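Here's the structure, in structure tokens; my notes come after.
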Amino acid sequence: MSGETLPGTPGADERRIVLHVDMDCFYASCERLRDPELADEPLVVGMGYDADETHGAVATASYEAREFGVESAQPISTALELLPRRDEERLDDGDADAGYYRPVDLEFYEEIADRVREVLHDCADVVREVSIDEAYLDVTGRTSWQTVDGDSRTLAEGFARHVRERIDREVGVPASVGVAPNMSTAKVASDHDKPDGLVVVEPGEVQQFLAPLPVESVHGVGPVTARELGELGIETAGDLAAADPTELRNRFGERGRELYDRARGYDDREVTPTGRPKSLSRESAFVEATDETDAKREKVRALAADVAERARRRGAMYRTIGVKVVTPPFDVNTRARSLSGPVDDPDLVESVALDLLAEFADDEVRKLGVRVSKLSFAAEEQASLDGWEGSKPAQTSEGNASRSDDAAEVTETTGDLRQWLDADEHDDAAAADSGPGRQRNGQASLGEFE
Ligand code: DCP
Ligand code: MG
């Protein structure tokens, strides 16, 4: 097969096996997980949408709803014209041309995404998470491009099927998987046969797989670039692969060359692991603000248990434990306590969090959060820990606390919501794969929390 590679193609390592996993209509699949009645139904999940209202935008639509022309980023009002809202009070099933509408519940989707990530990390040594529902896996060391005697399918295909089935069995949401010798082709492959797709592009087949696809399929070509390429008579990936690279570079700069390479199936980027999280947190709102001590303590206990459990699953120890208390109207208070050394101790997370909450015993509270930070990982040496926090000192409220480590306990007081949110980012500058503006658009970020 490798004979099909054009002479002169740069020598990327064709033995690599890269999987790209992208969940199908992810938010809608999560909604279906907790409400099986939504299975196989047209379902729209709206950002900024409230039940029975018409405002907001479509975050995603189930494939059944897409049949009606509903798509991501559309105003809900437009979606409602294409697919009226079903009257869920009605007992009969008579509303064939109507759909279900649900508001975004990012916290729940993050939980599901977390469980998917666990499966992925179990299936590969290197996982690069690029958005809430998308990741690259390098599985070169776990399988091979060989075929089984008497069968044309590769072992890599069987491995990818196993990954997809594990996600379905262990989490209950559908994924599409692309398999290829490089990242950009794997990405195109996962998108090629959605939903529930499994597309394998073997080394040597890359160019013939890509060539007939519309140029928008090339990873990195958006609608604007596609239009400009169209003006040059470049309609397909094959056209792009056959274009003059110098002309492309003159027109599009360095990016032109990159797109040219991708269209030819040449992409030697390594799958690099996503940075470690800098902190782990969870927050939860009350339906109505409350000043009841028991309700507040109970929520903090649940959040503390959840956060400690997640840290344990990730093999993370923490040196700072914090709470966030949002009081009406929208005042954000954060308190944190630094310990003299790293711990993995769920009981301590609970007791410190409850202790920090005590200051707000008399206050009405809308929302509570618990966070552990200044993480260290089992495999990491103590020496690297300091460099870790030190690399971005201004970013977290613990940037200050870390300078006070000699003290056994330091209670931090900050009132800036952004500090809390920023602190939940991964230590990772390059999560650029999910497209321009996506993480700013109110989408879930790659980090552990919204
Ligand atoms: N999302 C969003 N706003 C957008 C696009 C996406 O809020 N404009 C959210 C909802 C999606 C999730 O991000 O469920 C993942 O994005 P994808 O682009 O992967 O879309 P889906 O997973 O929904 O559908 P597909 O099956 O096409 O992957
Ligand atoms: Mg998806």
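Chain labels follow the order of the structure tokens: the first chain is A, the next B, and so on; residue numbering restarts at 1 in every chain, and ligands are counted from 1 in their shown order.
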
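Note that DSSP on the backbone gives strand (DSSP E) to these residues of region 150-291 of chain A: Ala175, Ser176, Val177, Gly178, Val179, Ala180, Leu198, Val199, Val200, Ser279, Leu280, Ser281, Arg282, Glu283, Ser284, Ala285, Phe286, Val287, Glu288, Ala289 and Thr290 of chain A.
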
Got a sec: who's within 12 Å of Asp261 (chain A), counting only C-alpha atoms, leaving out chain neighbours fewer than 4 positions off, as a PyMOL selection string? chain A and resi 9-12+182+184-185+206-207+210+218-220+237-238+240-245+248-249+254-257+265-269

Wanna dump the chain A-ligand 2 contacts at 9 Å for me, each residue with its shortest atom pair and the distance in Å to one decimal, counting only C-alpha atoms and all ligand atoms, ordered by chain and number, as a Markdown table?
```
| residue | atom | partner | partner_atom_place_in_ligand_line | distance |
| --- | --- | --- | --- | --- |
| A:Val21 | CA | ligand 2 | 1 (Mg) | 8.5 |
| A:Asp22 | CA | ligand 2 | 1 (Mg) | 4.7 |
| A:Met23 | CA | ligand 2 | 1 (Mg) | 4.2 |
| A:Asp24 | CA | ligand 2 | 1 (Mg) | 4.6 |
| A:Cys25 | CA | ligand 2 | 1 (Mg) | 5.3 |
| A:Phe26 | CA | ligand 2 | 1 (Mg) | 5.3 |
| A:Tyr27 | CA | ligand 2 | 1 (Mg) | 8.6 |
| A:Thr60 | CA | ligand 2 | 1 (Mg) | 9.0 |
| A:Ile132 | CA | ligand 2 | 1 (Mg) | 8.6 |
| A:Asp133 | CA | ligand 2 | 1 (Mg) | 5.6 |
| A:Glu134 | CA | ligand 2 | 1 (Mg) | 6.6 |
| A:Ala175 | CA | ligand 2 | 1 (Mg) | 7.7 |
| A:Ser176 | CA | ligand 2 | 1 (Mg) | 8.2 |
| A:Asp191 | CA | ligand 2 | 1 (Mg) | 8.8 |
```

Find the nearest atom pair between each residue of region 294-330 of chain A and region 361-367 of chain A for residues within 10 Å, count only C-alpha atoms, give distances in Å to one decimal, sort rows by chain and ascending number, and present the table as a tab-separated table.
```
residue	atom	partner	partner_atom	distance
A:Asp294	CA	A:Ala361	CA	9.8
A:Lys296	CA	A:Val365	CA	7.9
A:Arg297	CA	A:Ala361	CA	9.3
A:Lys299	CA	A:Lys367	CA	9.4
A:Lys324	CA	A:Lys367	CA	7.9
A:Val325	CA	A:Lys367	CA	6.1
A:Val326	CA	A:Lys367	CA	5.0
A:Thr327	CA	A:Val365	CA	4.5
A:Pro328	CA	A:Arg366	CA	6.4
A:Pro329	CA	A:Arg366	CA	8.4
A:Phe330	CA	A:Arg366	CA	8.2
```

To test your reading of the structure, identify every residue in region 248-382 of chain A that backbone DSSP assigns to helix (DSSP H, G or I), and report it as number ranges by chain. A: 248-252, 254-263, 293-313, 346-360, 382

CA of Val200 (chain A) to CA of Glu270 (chain A), straight-line distance in Å: 18.9 Å

Mind dumping a table of every chain A residue within 10 Å of ligand 1, with the nearest atom pair and its distance in Å to one decimal, using only C-alpha atoms and all ligand atoms, sorted by chain and rising number, as a tab-separated table?
```
residue	atom	partner	partner_atom_place_in_ligand_line	distance
A:Val21	CA	ligand 1	28 (O)	9.4
A:Asp22	CA	ligand 1	28 (O)	5.7
A:Met23	CA	ligand 1	22 (O)	5.1
A:Asp24	CA	ligand 1	26 (O)	3.2
A:Cys25	CA	ligand 1	23 (O)	3.1
A:Phe26	CA	ligand 1	14 (O)	3.7
A:Tyr27	CA	ligand 1	14 (O)	4.0
A:Ala28	CA	ligand 1	14 (O)	6.4
A:Ser29	CA	ligand 1	14 (O)	7.9
A:Cys30	CA	ligand 1	14 (O)	8.7
A:Val44	CA	ligand 1	23 (O)	9.9
A:Val45	CA	ligand 1	10 (C)	7.8
A:Gly46	CA	ligand 1	7 (O)	8.0
A:Met47	CA	ligand 1	7 (O)	6.7
A:Ala57	CA	ligand 1	3 (N)	8.2
A:Val58	CA	ligand 1	3 (N)	6.9
A:Ala59	CA	ligand 1	7 (O)	3.7
A:Thr60	CA	ligand 1	23 (O)	4.5
A:Ala61	CA	ligand 1	23 (O)	6.5
A:Ser62	CA	ligand 1	23 (O)	7.5
A:Tyr63	CA	ligand 1	26 (O)	7.6
A:Arg66	CA	ligand 1	27 (O)	9.9
A:Glu71	CA	ligand 1	8 (N)	8.5
A:Ser72	CA	ligand 1	8 (N)	4.8
A:Ala73	CA	ligand 1	8 (N)	4.6
A:Gln74	CA	ligand 1	8 (N)	8.3
A:Val104	CA	ligand 1	7 (O)	8.2
A:Leu106	CA	ligand 1	7 (O)	9.3
A:Tyr109	CA	ligand 1	14 (O)	9.0
A:Ser131	CA	ligand 1	15 (C)	7.5
A:Ile132	CA	ligand 1	15 (C)	6.6
A:Asp133	CA	ligand 1	15 (C)	5.4
A:Glu134	CA	ligand 1	19 (O)	6.7
A:Pro174	CA	ligand 1	26 (O)	8.9
A:Ala175	CA	ligand 1	26 (O)	7.9
A:Ser176	CA	ligand 1	26 (O)	7.8
A:Ser190	CA	ligand 1	28 (O)	9.0
A:Asp191	CA	ligand 1	27 (O)	7.4
A:Asp193	CA	ligand 1	26 (O)	9.9
A:Lys194	CA	ligand 1	26 (O)	6.3
A:Pro195	CA	ligand 1	26 (O)	5.9
A:Asp196	CA	ligand 1	26 (O)	8.6
A:Gly197	CA	ligand 1	26 (O)	9.8
A:Ser434	CA	ligand 1	18 (O)	8.2
A:Gly435	CA	ligand 1	18 (O)	9.4
A:Gly437	CA	ligand 1	8 (N)	9.4
A:Arg438	CA	ligand 1	4 (C)	6.9
A:Gln439	CA	ligand 1	7 (O)	8.8
A:Asn441	CA	ligand 1	3 (N)	7.1
A:Gly442	CA	ligand 1	7 (O)	6.9
A:Gln443	CA	ligand 1	7 (O)	4.9
A:Ala444	CA	ligand 1	13 (O)	7.2
A:Ser445	CA	ligand 1	13 (O)	9.4
```

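Straight-line separation from CA of Glu129 (chain A) to CA of Trp145 (chain A): 23.8 Å.
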
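Among the candidates A:Ile17, A:Val127, A:Leu375, A:Ala135, the one nearest to Tyr318 (chain A) when counting only C-alpha atoms is A:Leu375.
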
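Excluding Thr154 (chain A) itself and any same-chain residue fewer than 6 positions from it, the protein and nucleic acid residues within 10 Å of it, counting only C-alpha atoms, are Thr143, Ser144, Trp145, Gln146, Thr147, Val148, Val200 and Glu202 of chain A.
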
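The interatomic distance for the pair CA of Leu368 (chain A) and CA of Leu348 (chain A) works out to 17.7 Å.
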
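The shortest atom-to-atom distance to Val323 (chain A), with only C-alpha atoms taken into account, belongs to A:Asp355 out of A:Glu298, A:Asp291, A:Asp344, A:Asp355.
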
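Distances here use only C-alpha atoms; by that measure, the residue among A:Arg166, A:His55, A:Lys278, A:Arg15 closest to Pro103 (chain A) is A:His55.
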
Min atom-atom distance to Glu165 (chain A) from the set A:Val201, A:Leu213, A:Met183, A:Cys123, counting only C-alpha atoms, belongs to A:Cys123

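Among the candidates A:Glu118, A:Ser217, A:Glu64, A:Ala189, the one nearest to Arg313 (chain A) when counting only C-alpha atoms is A:Glu118.
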
For Asp138 (chain A), list every protein, DNA or RNA residue within 7 Å, evaluated using only C-alpha atoms, and leave out those in the same chain fewer than 4 positions away; present the list as a PyMOL selection string. chain A and resi 17-19+124-127+271

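With distances restricted to only C-alpha atoms, A:His20 is the closest residue to Val199 (chain A) from A:Leu83, A:His20, A:Ala263, A:Ala336.
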